[in-house]
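**Q** Right, I'll just put the structure down here and ask away after.
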Amino acid sequence: MSSLPIESVLEELQSSLSLAPQVILQAPPGAGKSTFLPFTMVKEKWFTGKIIMLEPRRLAAKNIAFYLASLMDESVGKKIGYRMRGENKTSKETQLEIVTEGVLTRMLQSDPELTGTDLLIFDEFHERNLQGDLGLALALDVQAGLREDLKILIMSATLENSHLQDKLPDALCISSQGRSYPIQYIYQNSVSKQTLIIDLVKLIKRAYQEQSGNILVFVAGIKEIKQCESLLADYFSALQDKVLIAPLYGALTLNEQQKAISNCDSGIRKIVIATNIAETSLTIEGISVVVDSGFERCMSYQPQSGIGKLQTQRISEANATQRAGRAGRLSAGCCYRLWSPETRLNKQISPEINRSDLTSLVLELLNWGVSSPADLSFITQPPARHVETAKSLLEIFGAIDNKGRCTKHGQAIVKLGVNPRLGHLLLEAIEFQKEHAIAGLVELACLLVALLESNEKSSDDIETCLSKPSFAVKQQQALLLKKCQLKKSAGPLPLNYCGLLLALAFPDRIAQARDLNNGVYLLSNGIGVCLLRESNLIGQKMLVVADLAMSDRSVNSMVYKACVISLATLEEFLPHYFTASEVIRWSLPGKKLLAEKRLNLGKLVIKKQPLTNLSNQQKTEAILAGIKQTGLSVLTWSDENRQLLTRLSYAFLQLSQVNYTIDFPDFSEQVLVDDMELWLAPYLNGVTKPEQLKRIDLKGALLSRLSWPVLQVFNDLFPTSVKVPTGSNIKISYRDNETPVLSVRMQELFGQQETPSIFEGRIKLQLALLSPARRPLQLTQDLATFWQGAYNDVKKEMRGRYPKHYWPDNPLEAVATRRTKKHIDQK
């Protein structure tokens with residue numbers, strides 16, 4: 001291995017690890033932090049115990065392990081090993097173990113002291129992977145309470161250290177410079193999102209023609225990789241012996257990945273098309289040119305629906321730096337960017353913990369023995385709403401009790417090391433097989449879980465996928481069978497129970513057809529979903545959906561994996577999923593009475609049966625339910641009552657801002673709808689039909705929410721009118737969230753200097769000063785200043801237009817009047 005920049009800080013790093021519990025290492029791409037550093041630690045025996053390095057990407061973890069093992073002139077699994085879900089290449093000799101995903105969490109849960117481990121390395125921490133954040137939080141807890149001697153090294157290429165240092169005040173920080181090879185930047189803006197791939201391929205062709213060396217292309221996802229690959233294959237068809245087009249993403253086999261990563265034969269130029277999997281850690285041989293689309297695809301969790309939203313978005317400035325850095329690792333390079341130099345990118349990506357389903361994380365924490373994420377030193381605390389959503393689902397599964405404590409069932413799910421939904425599925429399958437004597441059900445469950453974990457993108461029909469599982473899925477099934485203490489049988493699997501098993505894991509995603517011909521469904525959680533156009537599931541009445549995502553291009557979420565289920569199966573095996581209810585409600589716009597008995601599955605209506613012989617009381621309640629559904633606008637509002645409601649709402653807003661001593665209720669529409677039984681129901685006596693709604697005394701109903709003392713204070717602080725110098729009581733016009741208006745003829749305010757006010761003088765009214773014909777002349781909240789200034793201009797104009805009316809030179813000394821000059825007493 002040639003000299004690398006990281007070598008200049010090795011001595012400082014070794015000293016820091018001996019002095020401090022945590023060390024933060026910042027080193028740009030190509031410095032050697034992911035390869036040369038751990039290699040040196042093992043070779044020079046920095047530690048007597050094991051080193052565990054958490055690598056966020058499976059592809060990088062495996063390739064780093066193979067590369068370092070080759071430097072040791074050993075096979076993987078001896079001094080250098082790796083462990084990831086479904087694969088374990090370690091032995092008693094292993095000194096450096098590279099792990100991914102939740103493997104570190106599994107190790108900590110099974111052995112909190114991490115016996116025999118001296119150092120934990122968190123590589124590429126700037127990616128803010130969810131498992132990295134969780135692993136670090138647990139490791140810091142272990143370090144604080146069980147293993148003061150455990151060392152933690154956090155490494156990144158583009159890490160903003162200030163936030164991390166605030167959380168880890170005892171950590172020492174070391175910075176290593178990267179290679180200094182210059183990178184030339186060339187910008188070319190894309191015409192539009194619709195032409196992005198075409199524009200990108202044009203840019204790749206330009207880079208191929210203008211530069212020498214191998215090209216690394218960054219795109220948002222696998223779909224874009226395949227589109228680029230197809231277009232480039234056509235373009236380079238005559239040069240197929242001289243140009244190698246190699247895709248690179250996590251689902252490829254190791255041989256296919258190595259094809260993209262390894263050196264080409266002499267005389268062949270390579271174009272590697274990759275997702276952001278190639279941004280860090282991986283060394284792709286011979287790359288001197290990068291072509292960057294500027295986009296990435298990520299999943300953003302929506303807690304209100306429990307569904308992720310797949311988003312294609314601009315990369316961050318940190319991502320762009322990482323990508324460009326791939327071109328300057330070995331020599332001067334060039335980076336072509338498919339955006340203009342003026343385009344502004346965000347500094348950093350949002351941590352995954354802010355945009356992920358936290359069900360697994362929450363269960364891990366509860367099993368760890370903490371009741372809240374706040375009890376651990378997370379670099380970023382997870383959103384409270386996401387945590388509550390996770391707890392609700394775990395309680396449904398019986399993984400936690402009603403006090404939020406992890407149950408035995410929850411502990412068993414954690415031991416399985418799979419997503420809580422899938423862990424619950426496996427454990428329930430074991431019980432179902434015992435109870436109902438369904439041969440092969442657990443074996444089918446293991447295959448189903450293996451398929452869903454693989455995230456393979458083939459048919460959306462899960463039964464079809466299970467009939468021809470891939471080798472990788474079969475391997476994972478074997479591991480799960482081992483965990484369930486079972487062996488694979490020779491008999492056929494009961495595939496007809498696939499839907500039942502999925503319903504155990506996804507009770508909120510049982511789907512009922514809304515449009516059979518177009519594959520549109522409603523889930524039991526109330527979310528609309530749609531099958532892909534080519535799906536052979538179109539036409540099925542009921543499904544269970546296992547994989548879906550919200551899309552920017554469709555009103556409904558798109559279904560990627562689902563299975564048929566029958567209503568009879570659900571009723572036979574999962575009767576507790578169903579609830580009976582009575583719905584009695586007036587559909588007020590259409591003036592139709594809805595009265596029926598329903599069988600519900602979540603938010604799905606499975607069966608309906610009409611209800612007859614309703615009492616007047618039931619009809620009155622139906623009116624109330626109809627108002628609740630339609631909103632307050634369906635009531636008959638006079639101008640006086642609308643003004644009263646506005647006045648009450650305004651009073652609440654003002655009183656709440658100054659913490660006034662009286663208990664004044666909120667009059668917002670949502671609160672009024674929620675509390676309708678308390679204030680409106682008593683005034684519905686005898687109202688059984690929509691046409692009778694106009695009988696309701698809305699004024700009395702609204703004011704009934706105020707006690708007598710509060711009503712007196714309300715009328716005093718927020719009066720309906722103000723008395724002006726002429727003795728007239730002028731109505732105040734109250735407005736939503738704005739200063740009330742007093743519209744008054746200017747002559748009626750002569751002699752008054754102070755602006756009329758309400759709320760004990762806190763609020764000066766907005767004066768709309770009117771002409772004798774009641775046309776607006778001036779708006780002011782400062783009457784004294786108006787008399788001294790703008791009045792003179794108004795007076796000149798009004799004397800000509802209204803000569804019969806009184807326009808004194810000094811309005812403050814004039815007598816207020818409602819009449820013309822000839823009626824004014826001149827005495």
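As shown in the structure tokens, the chain order sets the letters A, B, ...; within each chain, residues go from 1, and ligands are also counted from 1 in the order they appear.
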Could you pull out all residues of region 148-268 of chain A with a DSSP call of strand (DSSP E) and give them as a tab-separated table (two decimals) with N, CA, C and O atoms, in the first residue's frame?

**A**
chain	number	residue	atom	x	y	z
A	151	LYS	N	-12.79	1.97	24.06
A	151	LYS	CA	-12.47	3.16	23.27
A	151	LYS	C	-13.43	3.27	22.10
A	151	LYS	O	-13.84	2.27	21.51
A	152	ILE	N	-13.77	4.51	21.75
A	152	ILE	CA	-14.69	4.77	20.64
A	152	ILE	C	-14.01	5.76	19.69
A	152	ILE	O	-13.58	6.84	20.09
A	153	LEU	N	-13.94	5.38	18.41
A	153	LEU	CA	-13.36	6.23	17.37
A	153	LEU	C	-14.45	6.53	16.34
A	153	LEU	O	-15.03	5.62	15.75
A	154	ILE	N	-14.73	7.81	16.14
A	154	ILE	CA	-15.75	8.25	15.18
A	154	ILE	C	-15.03	8.89	14.00
A	154	ILE	O	-14.29	9.86	14.17
A	155	MET	N	-15.26	8.34	12.80
A	155	MET	CA	-14.52	8.80	11.62
A	155	MET	C	-15.50	9.32	10.55
A	155	MET	O	-16.59	8.80	10.38
A	156	SER	N	-15.04	10.36	9.84
A	156	SER	CA	-15.85	10.90	8.77
A	156	SER	C	-14.99	11.70	7.81
A	156	SER	O	-13.92	12.17	8.17
A	172	LEU	N	-11.35	13.83	21.99
A	172	LEU	CA	-10.26	14.54	21.34
A	172	LEU	C	-10.51	14.53	19.83
A	172	LEU	O	-11.01	13.55	19.29
A	173	CYS	N	-10.17	15.63	19.17
A	173	CYS	CA	-10.43	15.75	17.73
A	173	CYS	C	-9.11	15.79	16.96
A	173	CYS	O	-8.18	16.52	17.34
A	174	ILE	N	-9.07	15.01	15.89
A	174	ILE	CA	-7.88	14.96	15.04
A	174	ILE	C	-8.32	15.17	13.60
A	174	ILE	O	-9.34	14.62	13.18
A	175	SER	N	-7.55	15.94	12.87
A	175	SER	CA	-7.88	16.20	11.47
A	175	SER	C	-6.72	15.77	10.59
A	175	SER	O	-5.55	16.08	10.88
A	183	ILE	N	-9.06	19.13	-8.73
A	183	ILE	CA	-10.23	18.64	-9.47
A	183	ILE	C	-10.80	19.81	-10.26
A	183	ILE	O	-11.08	20.86	-9.72
A	184	GLN	N	-10.97	19.60	-11.56
A	184	GLN	CA	-11.57	20.61	-12.42
A	184	GLN	C	-13.09	20.38	-12.44
A	184	GLN	O	-13.56	19.26	-12.59
A	185	TYR	N	-13.85	21.46	-12.25
A	185	TYR	CA	-15.31	21.34	-12.23
A	185	TYR	C	-15.91	21.91	-13.50
A	185	TYR	O	-15.57	23.03	-13.93
A	186	ILE	N	-16.80	21.14	-14.12
A	186	ILE	CA	-17.49	21.56	-15.34
A	186	ILE	C	-18.99	21.44	-15.08
A	186	ILE	O	-19.47	20.36	-14.72
A	187	TYR	N	-19.72	22.53	-15.26
A	187	TYR	CA	-21.17	22.56	-14.96
A	187	TYR	C	-21.97	22.59	-16.26
A	187	TYR	O	-21.61	23.28	-17.22
A	214	ASN	N	-11.11	6.30	-16.50
A	214	ASN	CA	-12.42	5.71	-16.19
A	214	ASN	C	-13.37	6.74	-15.59
A	214	ASN	O	-12.94	7.69	-14.93
A	215	ILE	N	-14.66	6.51	-15.79
A	215	ILE	CA	-15.70	7.47	-15.40
A	215	ILE	C	-16.61	6.84	-14.35
A	215	ILE	O	-17.04	5.69	-14.51
A	216	LEU	N	-16.89	7.59	-13.30
A	216	LEU	CA	-17.86	7.17	-12.29
A	216	LEU	C	-19.06	8.11	-12.37
A	216	LEU	O	-18.92	9.32	-12.21
A	217	VAL	N	-20.23	7.53	-12.62
A	217	VAL	CA	-21.46	8.31	-12.77
A	217	VAL	C	-22.34	8.10	-11.53
A	217	VAL	O	-22.58	6.97	-11.12
A	218	PHE	N	-22.82	9.19	-10.95
A	218	PHE	CA	-23.72	9.11	-9.80
A	218	PHE	C	-25.14	9.44	-10.22
A	218	PHE	O	-25.40	10.51	-10.80
A	243	VAL	N	-15.05	-0.37	-24.29
A	243	VAL	CA	-15.76	0.33	-23.22
A	243	VAL	C	-16.55	-0.68	-22.39
A	243	VAL	O	-17.33	-1.47	-22.95
A	244	LEU	N	-16.33	-0.66	-21.08
A	244	LEU	CA	-17.08	-1.53	-20.17
A	244	LEU	C	-18.05	-0.66	-19.38
A	244	LEU	O	-17.64	0.26	-18.68
A	245	ILE	N	-19.34	-0.96	-19.51
A	245	ILE	CA	-20.37	-0.24	-18.75
A	245	ILE	C	-20.76	-1.13	-17.58
A	245	ILE	O	-21.29	-2.23	-17.77
A	246	ALA	N	-20.49	-0.66	-16.36
A	246	ALA	CA	-20.66	-1.50	-15.17
A	246	ALA	C	-21.58	-0.82	-14.15
A	246	ALA	O	-21.22	0.23	-13.60
A	247	PRO	N	-22.76	-1.38	-13.87
A	247	PRO	CA	-23.61	-0.85	-12.80
A	247	PRO	C	-23.04	-1.22	-11.44
A	247	PRO	O	-22.33	-2.22	-11.30
A	248	LEU	N	-23.39	-0.43	-10.42
A	248	LEU	CA	-22.92	-0.71	-9.07
A	248	LEU	C	-23.99	-0.31	-8.06
A	248	LEU	O	-24.30	0.87	-7.89

**Q** Counting only C-alpha atoms, what is within 8 Å of region 587-590 of chain A, bar same-chain residues fewer than 5 positions away, as JSON, numbers by chain?

**A** {"A": [623, 626, 627, 630, 634, 690]}

**Q** Put those residues in a file: all heavy atoms, as a compact mmCIF listing (two decimals), in the first residue's frame.

**A**
# COMPACT_ATOMS: atom_id res chain seq x y z
N ILE A 623 -78.32 14.31 13.73
CA ILE A 623 -78.10 15.69 13.28
C ILE A 623 -76.77 16.20 13.81
O ILE A 623 -75.97 16.81 13.10
CB ILE A 623 -79.26 16.60 13.76
CG1 ILE A 623 -80.50 16.36 12.92
CG2 ILE A 623 -78.85 18.06 13.73
CD1 ILE A 623 -80.45 16.96 11.53
N GLY A 626 -73.99 14.70 11.96
CA GLY A 626 -73.88 15.30 10.64
C GLY A 626 -73.19 16.64 10.67
O GLY A 626 -72.39 16.97 9.79
N ILE A 627 -73.52 17.45 11.70
CA ILE A 627 -72.86 18.75 11.85
C ILE A 627 -71.37 18.56 12.09
O ILE A 627 -70.53 19.27 11.53
CB ILE A 627 -73.50 19.56 13.00
CG1 ILE A 627 -74.97 19.84 12.71
CG2 ILE A 627 -72.75 20.86 13.22
CD1 ILE A 627 -75.73 20.43 13.88
N THR A 630 -69.78 17.64 8.74
CA THR A 630 -69.83 18.67 7.70
C THR A 630 -69.14 19.96 8.12
O THR A 630 -68.51 20.63 7.32
CB THR A 630 -71.31 18.97 7.34
OG1 THR A 630 -71.99 17.75 7.08
CG2 THR A 630 -71.40 19.87 6.12
N VAL A 634 -72.61 24.53 8.06
CA VAL A 634 -73.93 24.00 7.71
C VAL A 634 -75.03 24.63 8.56
O VAL A 634 -76.21 24.57 8.22
CB VAL A 634 -73.95 22.46 7.85
CG1 VAL A 634 -74.02 22.04 9.32
CG2 VAL A 634 -75.10 21.85 7.06
N PRO A 690 -82.71 18.20 8.81
CA PRO A 690 -81.84 19.32 8.43
C PRO A 690 -82.58 20.65 8.30
O PRO A 690 -82.04 21.69 8.66
CB PRO A 690 -81.27 18.87 7.08
CG PRO A 690 -81.35 17.39 7.12
CD PRO A 690 -82.57 17.05 7.90

**Q** Quick one: distance from CA of Leu203 (chain A) to CA of Asn189 (chain A) in Å, one decimal?

**A**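 Value for the CA of Leu203 (chain A)-CA of Asn189 (chain A) distance: 9.9 Å.
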
**Q** In Å, with one decimal, what is the gap from CA of Gly751 (chain A) to CA of Tyr734 (chain A)?

**A** 25.5 Å

**Q** Any chance you could list, as a PyMOL selection string, the residues in region 104-239 of chain A that come up alpha helix (DSSP H) when DSSP is run on the backbone?

**A** chain A and resi 104-110+130-145+161-167+196-210+222-235

**Q** How many Å lie between CA of Asp292 (chain A) and CA of Gln313 (chain A), rounded to one decimal?

**A**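 One can read the CA of Asp292 (chain A) to CA of Gln313 (chain A) distance as 13.4 Å.
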
**Q** Identify which of the residues A:Leu481, A:Leu567, A:Leu19, A:Ala390 lies closest to Gly404 (chain A), counting only C-alpha atoms when measuring atom-to-atom distances.

**A**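 Between A:Leu481, A:Leu567, A:Leu19, A:Ala390, the residue approaching Gly404 (chain A) most closely is A:Ala390.
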
**Q** Using only C-alpha atoms, determine which residues lie at most 9 Å from Leu146 (chain A), disregarding the query and same-chain residues fewer than 4 positions distant; provide the list as an NGL selection string.

**A** :A and (112-113 or 141-142 or 150)

**Q** If we count only C-alpha atoms and set the cut-off at 10 Å, which residues sit around Asp716 (chain A), ignoring sequence neighbours fewer than 6 positions away in its own chain? Please answer as a VMD selection string.

**A** chain A and resid 710 758 to 760
